>>> print(open('query.cif').read())   # mmCIF, C-alpha atoms and all ligand atoms
data_structure
#
loop_
_atom_site.label_atom_id
_atom_site.label_comp_id
_atom_site.auth_asym_id
_atom_site.auth_seq_id
_atom_site.Cartn_x
_atom_site.Cartn_y
_atom_site.Cartn_z
CA MET A 1 -39.93 -17.33 21.89
CA PRO A 2 -37.04 -18.45 19.62
CA ASP A 3 -33.53 -18.12 21.10
CA HIS A 4 -32.40 -15.61 18.53
CA ALA A 5 -35.21 -13.17 19.22
CA ASP A 6 -33.19 -11.06 21.65
CA THR A 7 -30.55 -10.47 19.00
CA LEU A 8 -32.99 -8.98 16.52
CA HIS A 9 -32.80 -5.25 16.05
CA ASP A 10 -35.62 -2.87 15.64
CA THR A 11 -34.51 -1.79 12.18
CA ALA A 12 -37.02 1.04 12.11
CA THR A 13 -35.36 2.88 15.01
CA GLU A 14 -31.74 1.68 15.24
CA PRO A 15 -29.21 3.17 12.83
CA ARG A 16 -27.24 0.61 10.85
CA PRO A 17 -23.55 0.48 11.71
CA ARG A 18 -21.69 2.61 9.14
CA ARG A 19 -19.50 0.65 6.77
CA GLU A 20 -15.94 1.89 6.60
CA VAL A 21 -14.93 3.36 3.26
CA ARG A 22 -12.01 1.34 1.93
CA SER A 23 -9.57 2.25 -0.81
CA PHE A 24 -10.03 -1.08 -2.61
CA VAL A 25 -12.59 -3.59 -3.71
CA VAL A 26 -11.28 -7.13 -3.45
CA ARG A 27 -11.63 -8.60 -6.92
CA ALA A 28 -11.80 -12.38 -7.06
CA GLY A 29 -9.21 -12.40 -9.88
CA ARG A 30 -8.11 -15.70 -11.34
CA MET A 31 -4.95 -17.24 -9.98
CA THR A 32 -2.64 -19.16 -12.22
CA ALA A 33 -1.54 -22.62 -11.12
CA ALA A 34 1.90 -21.18 -10.35
CA GLN A 35 0.38 -18.46 -8.17
CA GLU A 36 -1.70 -21.09 -6.32
CA ARG A 37 1.49 -23.03 -5.70
CA ALA A 38 3.21 -19.88 -4.51
CA TRP A 39 0.48 -19.30 -1.94
CA THR A 40 0.77 -22.87 -0.66
CA GLU A 41 4.54 -23.22 -0.71
CA LEU A 42 5.97 -19.71 -0.43
CA TRP A 43 3.50 -17.83 1.75
CA PRO A 44 4.87 -19.55 4.88
CA ARG A 45 8.33 -18.19 3.98
CA TYR A 46 7.47 -14.64 2.91
CA GLY A 47 3.97 -13.99 4.30
CA LEU A 48 3.23 -12.35 7.63
CA GLU A 49 -0.01 -12.97 9.48
CA THR A 50 -1.04 -9.96 11.50
CA GLY A 51 -3.59 -9.26 14.20
CA ASP A 52 -3.92 -6.36 16.61
CA ALA A 53 -0.39 -6.60 17.98
CA LEU A 54 2.61 -4.55 16.88
CA LEU A 55 5.00 -6.37 14.55
CA ASP A 56 8.56 -6.63 15.78
CA LEU A 57 10.27 -5.98 12.44
CA ALA A 58 13.75 -6.61 13.81
CA ASP A 59 12.51 -10.05 14.85
CA VAL A 60 10.71 -10.62 11.54
CA PHE A 61 13.82 -9.87 9.46
CA GLY A 62 16.30 -11.14 12.02
CA ARG A 63 18.26 -7.90 12.05
CA ALA A 64 17.93 -4.14 12.51
CA ALA A 65 18.27 -2.60 9.03
CA ALA A 66 16.67 0.37 7.26
CA ARG A 67 13.03 -0.45 6.52
CA THR A 68 10.75 0.36 3.61
CA ILE A 69 7.04 -0.36 3.43
CA GLU A 70 5.24 -0.30 0.10
CA ILE A 71 1.50 0.26 0.37
CA GLY A 72 -0.47 -1.47 -2.39
CA CYS A 73 2.55 -3.15 -3.96
CA GLY A 74 0.42 -4.84 -6.67
CA ASN A 75 2.33 -7.71 -8.27
CA GLY A 76 5.51 -6.62 -6.50
CA GLU A 77 7.45 -5.27 -9.49
CA THR A 78 8.83 -2.29 -7.55
CA LEU A 79 9.30 -4.05 -4.23
CA VAL A 80 11.14 -7.02 -5.73
CA ALA A 81 13.43 -4.76 -7.78
CA LEU A 82 14.27 -2.67 -4.72
CA ALA A 83 14.79 -5.65 -2.41
CA SER A 84 17.06 -7.24 -4.98
CA ALA A 85 19.07 -4.03 -5.52
CA HIS A 86 19.44 -3.26 -1.79
CA PRO A 87 20.15 -6.44 0.19
CA ASP A 88 21.27 -4.25 3.11
CA ARG A 89 17.70 -2.92 3.60
CA ASP A 90 14.43 -4.66 4.53
CA TYR A 91 11.19 -4.41 2.54
CA LEU A 92 7.61 -5.06 3.62
CA GLY A 93 4.81 -5.04 1.05
CA ILE A 94 1.15 -4.61 1.96
CA GLU A 95 -1.39 -5.71 -0.63
CA VAL A 96 -4.90 -7.18 -0.75
CA HIS A 97 -4.92 -8.62 -4.27
CA ARG A 98 -4.06 -12.30 -3.87
CA PRO A 99 -3.01 -13.08 -7.49
CA GLY A 100 -0.65 -10.06 -7.34
CA ILE A 101 0.86 -11.43 -4.14
CA GLY A 102 1.20 -14.84 -5.82
CA HIS A 103 3.25 -13.20 -8.58
CA LEU A 104 5.40 -11.38 -6.01
CA LEU A 105 6.06 -14.62 -4.12
CA LEU A 106 7.25 -16.35 -7.27
CA ARG A 107 9.66 -13.52 -8.14
CA ALA A 108 10.96 -13.39 -4.57
CA GLU A 109 11.72 -17.10 -4.72
CA GLU A 110 13.37 -16.85 -8.16
CA LEU A 111 15.69 -14.15 -6.86
CA GLY A 112 16.24 -15.88 -3.52
CA LEU A 113 15.30 -12.71 -1.62
CA LYS A 114 15.78 -12.78 2.14
CA ASN A 115 14.92 -9.14 2.85
CA LEU A 116 11.29 -9.10 1.73
CA ARG A 117 8.02 -9.93 3.49
CA ILE A 118 4.39 -9.42 2.54
CA VAL A 119 1.17 -8.79 4.45
CA CYS A 120 -2.21 -9.50 2.79
CA ARG A 121 -4.50 -7.01 4.50
CA ASP A 122 -5.81 -3.44 4.34
CA ALA A 123 -2.70 -1.26 4.67
CA VAL A 124 -4.61 1.27 6.79
CA GLU A 125 -5.27 -1.38 9.43
CA VAL A 126 -1.72 -2.71 9.25
CA LEU A 127 -0.17 0.72 9.72
CA ARG A 128 -2.63 1.56 12.50
CA ASP A 129 -2.40 -1.69 14.48
CA CYS A 130 0.89 -3.39 13.63
CA ILE A 131 3.53 -0.79 12.83
CA ALA A 132 5.17 1.07 15.69
CA GLU A 133 5.41 4.85 15.62
CA ALA A 134 8.65 6.28 14.19
CA SER A 135 9.82 2.83 13.07
CA LEU A 136 10.10 3.22 9.27
CA ASP A 137 12.76 4.79 7.06
CA GLU A 138 10.66 4.93 3.93
CA VAL A 139 7.04 4.50 2.84
CA LEU A 140 6.17 4.06 -0.83
CA LEU A 141 2.75 4.72 -2.30
CA TYR A 142 3.11 4.23 -6.03
CA PHE A 143 0.11 4.49 -8.32
CA PRO A 144 -2.61 4.01 -5.70
CA ASP A 145 -6.05 3.29 -7.15
CA PRO A 146 -7.08 6.67 -8.60
CA TRP A 147 -10.85 6.34 -8.18
CA PRO A 148 -11.35 8.91 -10.94
CA LYS A 149 -15.12 9.42 -10.62
CA LYS A 150 -16.04 12.27 -8.30
CA ARG A 151 -18.46 10.16 -6.28
CA HIS A 152 -15.59 7.72 -5.59
CA HIS A 153 -13.00 10.30 -4.50
CA LYS A 154 -13.79 9.42 -0.88
CA ARG A 155 -12.24 5.99 -1.58
CA ARG A 156 -8.83 7.46 -2.43
CA ILE A 157 -6.35 6.31 0.18
CA VAL A 158 -4.65 9.71 0.39
CA GLN A 159 -6.77 11.63 2.89
CA PRO A 160 -5.65 13.82 5.84
CA ALA A 161 -6.10 11.06 8.46
CA PHE A 162 -4.16 8.57 6.35
CA MET A 163 -1.36 11.08 5.81
CA SER A 164 -1.06 11.68 9.58
CA LEU A 165 -0.97 7.92 10.14
CA VAL A 166 1.80 7.38 7.59
CA ALA A 167 3.80 10.35 8.92
CA SER A 168 3.56 9.04 12.48
CA ARG A 169 5.06 5.67 11.42
CA LEU A 170 8.08 7.30 9.75
CA ARG A 171 11.09 8.06 11.89
CA VAL A 172 12.25 11.67 11.90
CA GLY A 173 14.12 12.08 8.61
CA GLY A 174 12.21 9.17 7.02
CA VAL A 175 10.70 9.70 3.57
CA LEU A 176 7.29 9.19 2.00
CA ARG A 177 7.43 8.79 -1.78
CA MET A 178 4.29 8.83 -3.88
CA ALA A 179 3.55 8.73 -7.59
CA THR A 180 0.40 8.82 -9.68
CA ASP A 181 -0.55 9.14 -13.31
CA TRP A 182 -3.78 11.00 -12.54
CA GLN A 183 -3.29 14.75 -12.40
CA HIS A 184 -6.32 15.35 -10.20
CA TYR A 185 -5.05 12.79 -7.68
CA ALA A 186 -1.55 14.32 -7.87
CA THR A 187 -3.02 17.67 -6.85
CA GLN A 188 -4.85 16.01 -3.96
CA MET A 189 -1.66 14.23 -2.83
CA LEU A 190 0.26 17.51 -2.93
CA GLU A 191 -2.41 19.37 -0.97
CA VAL A 192 -2.92 16.67 1.66
CA ALA A 193 0.79 15.96 2.25
CA SER A 194 1.67 19.68 2.30
CA ALA A 195 -0.99 20.25 4.97
CA CYS A 196 0.36 17.49 7.22
CA PRO A 197 2.32 19.21 10.02
CA LEU A 198 4.77 16.29 10.37
CA LEU A 199 5.87 16.34 6.73
CA ALA A 200 8.12 18.66 4.73
CA ASN A 201 8.11 18.70 0.93
CA GLU A 202 11.47 17.76 -0.58
CA SER A 203 10.71 19.99 -3.54
CA ALA A 204 12.11 23.43 -2.74
CA ALA A 205 9.31 24.94 -4.83
CA GLY A 206 6.67 23.06 -2.80
CA GLU A 207 5.71 21.12 -5.91
CA TYR A 208 6.43 17.73 -7.50
CA VAL A 209 9.90 16.14 -7.63
CA PRO A 210 11.76 14.44 -10.50
CA ARG A 211 11.19 10.72 -10.78
CA PRO A 212 13.55 8.99 -8.30
CA ASP A 213 16.08 6.70 -10.02
CA SER A 214 15.02 3.98 -7.61
CA ARG A 215 11.46 3.79 -8.98
CA PRO A 216 11.10 1.25 -11.80
CA VAL A 217 8.39 1.72 -14.41
CA THR A 218 5.60 -0.68 -13.51
CA ARG A 219 2.85 -2.23 -15.61
CA PHE A 220 0.40 0.36 -14.26
CA GLU A 221 2.64 3.23 -15.27
CA ARG A 222 3.21 1.78 -18.74
CA ARG A 223 -0.54 1.47 -19.21
CA GLY A 224 -0.98 5.11 -18.15
CA GLN A 225 1.73 6.15 -20.61
CA ARG A 226 -0.09 4.31 -23.42
CA LEU A 227 -3.22 6.26 -22.51
CA GLY A 228 -1.24 9.51 -22.73
CA HIS A 229 -1.14 10.15 -18.96
CA GLY A 230 1.72 12.06 -17.36
CA THR A 231 3.39 10.92 -14.12
CA TRP A 232 3.73 13.02 -10.98
CA ASP A 233 6.24 12.10 -8.26
CA LEU A 234 6.13 13.48 -4.72
CA SER A 235 8.59 13.17 -1.86
CA PHE A 236 8.02 14.32 1.72
CA ARG A 237 10.38 14.02 4.67
CA ARG A 238 9.24 13.46 8.26
CA SER A 239 10.31 16.52 10.22
C1 LIG B 301 -3.20 0.64 -9.28
S1 LIG B 301 -2.45 -0.62 -8.32
C2 LIG B 301 -0.72 -0.16 -8.32
C3 LIG B 301 0.18 -1.27 -7.90
C4 LIG B 301 1.68 -0.91 -7.75
N1 LIG B 301 1.89 0.04 -6.68
C5 LIG B 301 2.29 -0.44 -9.03
O1 LIG B 301 2.70 0.73 -9.12
O2 LIG B 301 2.38 -1.24 -9.97
C6 LIG B 301 -2.96 -0.24 -6.67
C7 LIG B 301 -2.85 -1.43 -5.74
O3 LIG B 301 -3.14 -1.01 -4.41
C8 LIG B 301 -3.85 -2.05 -3.76
N2 LIG B 301 -4.55 -1.42 -2.62
C9 LIG B 301 -5.47 -0.44 -2.68
N3 LIG B 301 -5.86 -0.08 -1.45
C10 LIG B 301 -5.16 -0.86 -0.58
C11 LIG B 301 -5.12 -0.97 0.83
N4 LIG B 301 -5.88 -0.18 1.61
N5 LIG B 301 -4.31 -1.87 1.39
C12 LIG B 301 -3.53 -2.68 0.61
N6 LIG B 301 -3.52 -2.61 -0.74
C13 LIG B 301 -4.32 -1.72 -1.33
C14 LIG B 301 -4.73 -2.62 -4.82
O4 LIG B 301 -5.12 -3.94 -4.53
C15 LIG B 301 -3.82 -2.55 -6.06
O5 LIG B 301 -3.10 -3.74 -6.25
#
>>> encode(input="query.cif", output="structure tokens")
Amino acid sequence: MPDHADTLHDTATEPRPRREVRSFVVRAGRMTAAQERAWTELWPRYGLETGDALLDLADVFGRAAARTIEIGCGNGETLVALASAHPDRDYLGIEVHRPGIGHLLLRAEELGLKNLRIVCRDAVEVLRDCIAEASLDEVLLYFPDPWPKKRHHKRRIVQPAFMSLVASRLRVGGVLRMATDWQHYATQMLEVASACPLLANESAAGEYVPRPDSRPVTRFERRGQRLGHGTWDLSFRRS
């Protein structure tokens, strides 16, 4: 009998392992030569490799400062602007799109940023495995993939379990800021965050909040504006 025979499954009787639903599909996406260079030369400076162990962010940044994580930071427009405007705070981006990260690395180098790091991995795994409870001052989730078709709504990152995970990583008093240009997703964000027992809406009316001054208009938002979309901002504080 061939060696591999004992590893074969009886597919007729054994259920297939269920694939996890993820909030992204990794697109190959073409990298420019500059982005390729950024990955080779700048990833060692700004990139963080993660496994199952908790990250020691004080060690990573070499100090204990207020910490912001941006989930799905795209090409880093927001994160780079914030890190540049607030050198007294530390910023960690989590993104899976490699050309976007390449762009972020180039901007970080241009501006000589020392308070920014990036992880290239599913943010759900990173928050779950690598970020200590009550260790963050701020979490940003700006324009997450809207997955507009009904059959894809299950892919939206904002779900009750995700909200509990994010809330648990914020320190008491820490803030989760979200924005979207899809009204249906905005409603879902409001419902899910309002139902999370660890979070309190910063809107006295239990609704949306005005756009925070700190949030720059990104490429994604500009595209939404061209398509006639509105923008909904939300802000919840860890209680
Ligand atoms: C529509 S873009 C918005 C990018 C950026 N926040 C902005 O406002 O310009 C959403 C980004 O989230 C990333 N993303 C989606 N799910 C993710 C996950 N689970 N972990 C890390 N990144 C994710 C995608 O790769 C994409 O770049």
>>> atom_distance(input="query.cif", atom1="CA of Val158 in chain A", atom2="CA of Arg30 in chain A")
28.2 Å
>>> closest_atom_pairs(input="query.cif", of="chain A", to="ligand LIG 301 (chain B)", cutoff="6 Å", atoms="all atoms listed in the file", output="Markdown table")
| residue | atom | partner | partner_atom | distance |
| --- | --- | --- | --- | --- |
| A:Ser23 | CA | B:LIG301 | N3 | 4.4 |
| A:Phe24 | CA | B:LIG301 | N3 | 4.4 |
| A:Ile71 | CA | B:LIG301 | C12 | 5.8 |
| A:Gly72 | CA | B:LIG301 | O3 | 3.4 |
| A:Cys73 | CA | B:LIG301 | N1 | 4.2 |
| A:Gly74 | CA | B:LIG301 | O5 | 3.7 |
| A:Ile94 | CA | B:LIG301 | C12 | 5.2 |
| A:Glu95 | CA | B:LIG301 | N6 | 3.8 |
| A:Val96 | CA | B:LIG301 | N6 | 4.8 |
| A:His97 | CA | B:LIG301 | O4 | 4.7 |
| A:Arg121 | CA | B:LIG301 | C12 | 5.9 |
| A:Asp122 | CA | B:LIG301 | N5 | 3.7 |
| A:Ala123 | CA | B:LIG301 | N5 | 3.7 |
| A:Val124 | CA | B:LIG301 | N4 | 5.5 |
| A:Tyr142 | CA | B:LIG301 | N1 | 4.4 |
| A:Phe143 | CA | B:LIG301 | O1 | 4.6 |
| A:Pro144 | CA | B:LIG301 | C6 | 4.4 |
| A:Asp145 | CA | B:LIG301 | C1 | 4.4 |
| A:Thr218 | CA | B:LIG301 | O2 | 4.8 |
| A:Arg219 | CA | B:LIG301 | O2 | 5.7 |
| A:Phe220 | CA | B:LIG301 | O2 | 5.0 |
>>> closest_residue(input="query.cif", among="A:Thr68, A:Thr78, A:Thr40, A:Gln35", to="His103 in chain A", atoms="all atoms listed in the file")
A:Gln35
>>> atom_distance(input="query.cif", atom1="CA of Lys154 in chain A", atom2="CA of Ala167 in chain A")
20.2 Å
>>> atom_distance(input="query.cif", atom1="CA of Lys150 in chain A", atom2="CA of Ala195 in chain A")
21.6 Å
>>> closest_residue(input="query.cif", among="A:Cys120, A:Ala83, A:Val60, A:Val26", to="Arg215 in chain A", atoms="only C-alpha atoms")
A:Ala83
>>> closest_residue(input="query.cif", among="A:Leu54, A:Arg177, A:Gly47, A:Gly102", to="Leu116 in chain A", atoms="all atoms listed in the file")
A:Gly47
>>> residues_around(input="query.cif", residues="Gly100 in chain A", least_positions_apart="4", cutoff="8 Å", atoms="all atoms listed in the file", output="list in words")
Gly74, Asn75, Gly76 and Leu104 of chain A
>>> write_last_selection(input="query.cif", atoms="C-alpha atoms", output="PDB file, in the frame of the given file")
ATOM      1  CA  GLY A  74       0.420  -4.840  -6.670  1.00  0.00           C
ATOM      2  CA  ASN A  75       2.330  -7.710  -8.270  1.00  0.00           C
ATOM      3  CA  GLY A  76       5.510  -6.620  -6.500  1.00  0.00           C
ATOM      4  CA  LEU A 104       5.400 -11.380  -6.010  1.00  0.00           C
TER       5      LEU A 104
END
>>> residues_around(input="query.cif", residues="Leu136 in chain A", least_positions_apart="5", cutoff="8 Å", atoms="all atoms listed in the file", output="number ranges by chain")
A: 66-69, 169-171, 174
>>> closest_residue(input="query.cif", among="A:Val217, A:Ala58, A:Ala64, A:Leu199", to="Leu79 in chain A", atoms="only C-alpha atoms")
A:Val217
>>> closest_residue(input="query.cif", among="A:Gly93, A:Gly51, A:Gly224, A:Gly29", to="Asp129 in chain A", atoms="all atoms listed in the file")
A:Gly51
>>> closest_residue(input="query.cif", among="A:Arg237, A:Gly173, A:Met189, A:Asp181", to="Arg222 in chain A", atoms="only C-alpha atoms")
A:Asp181
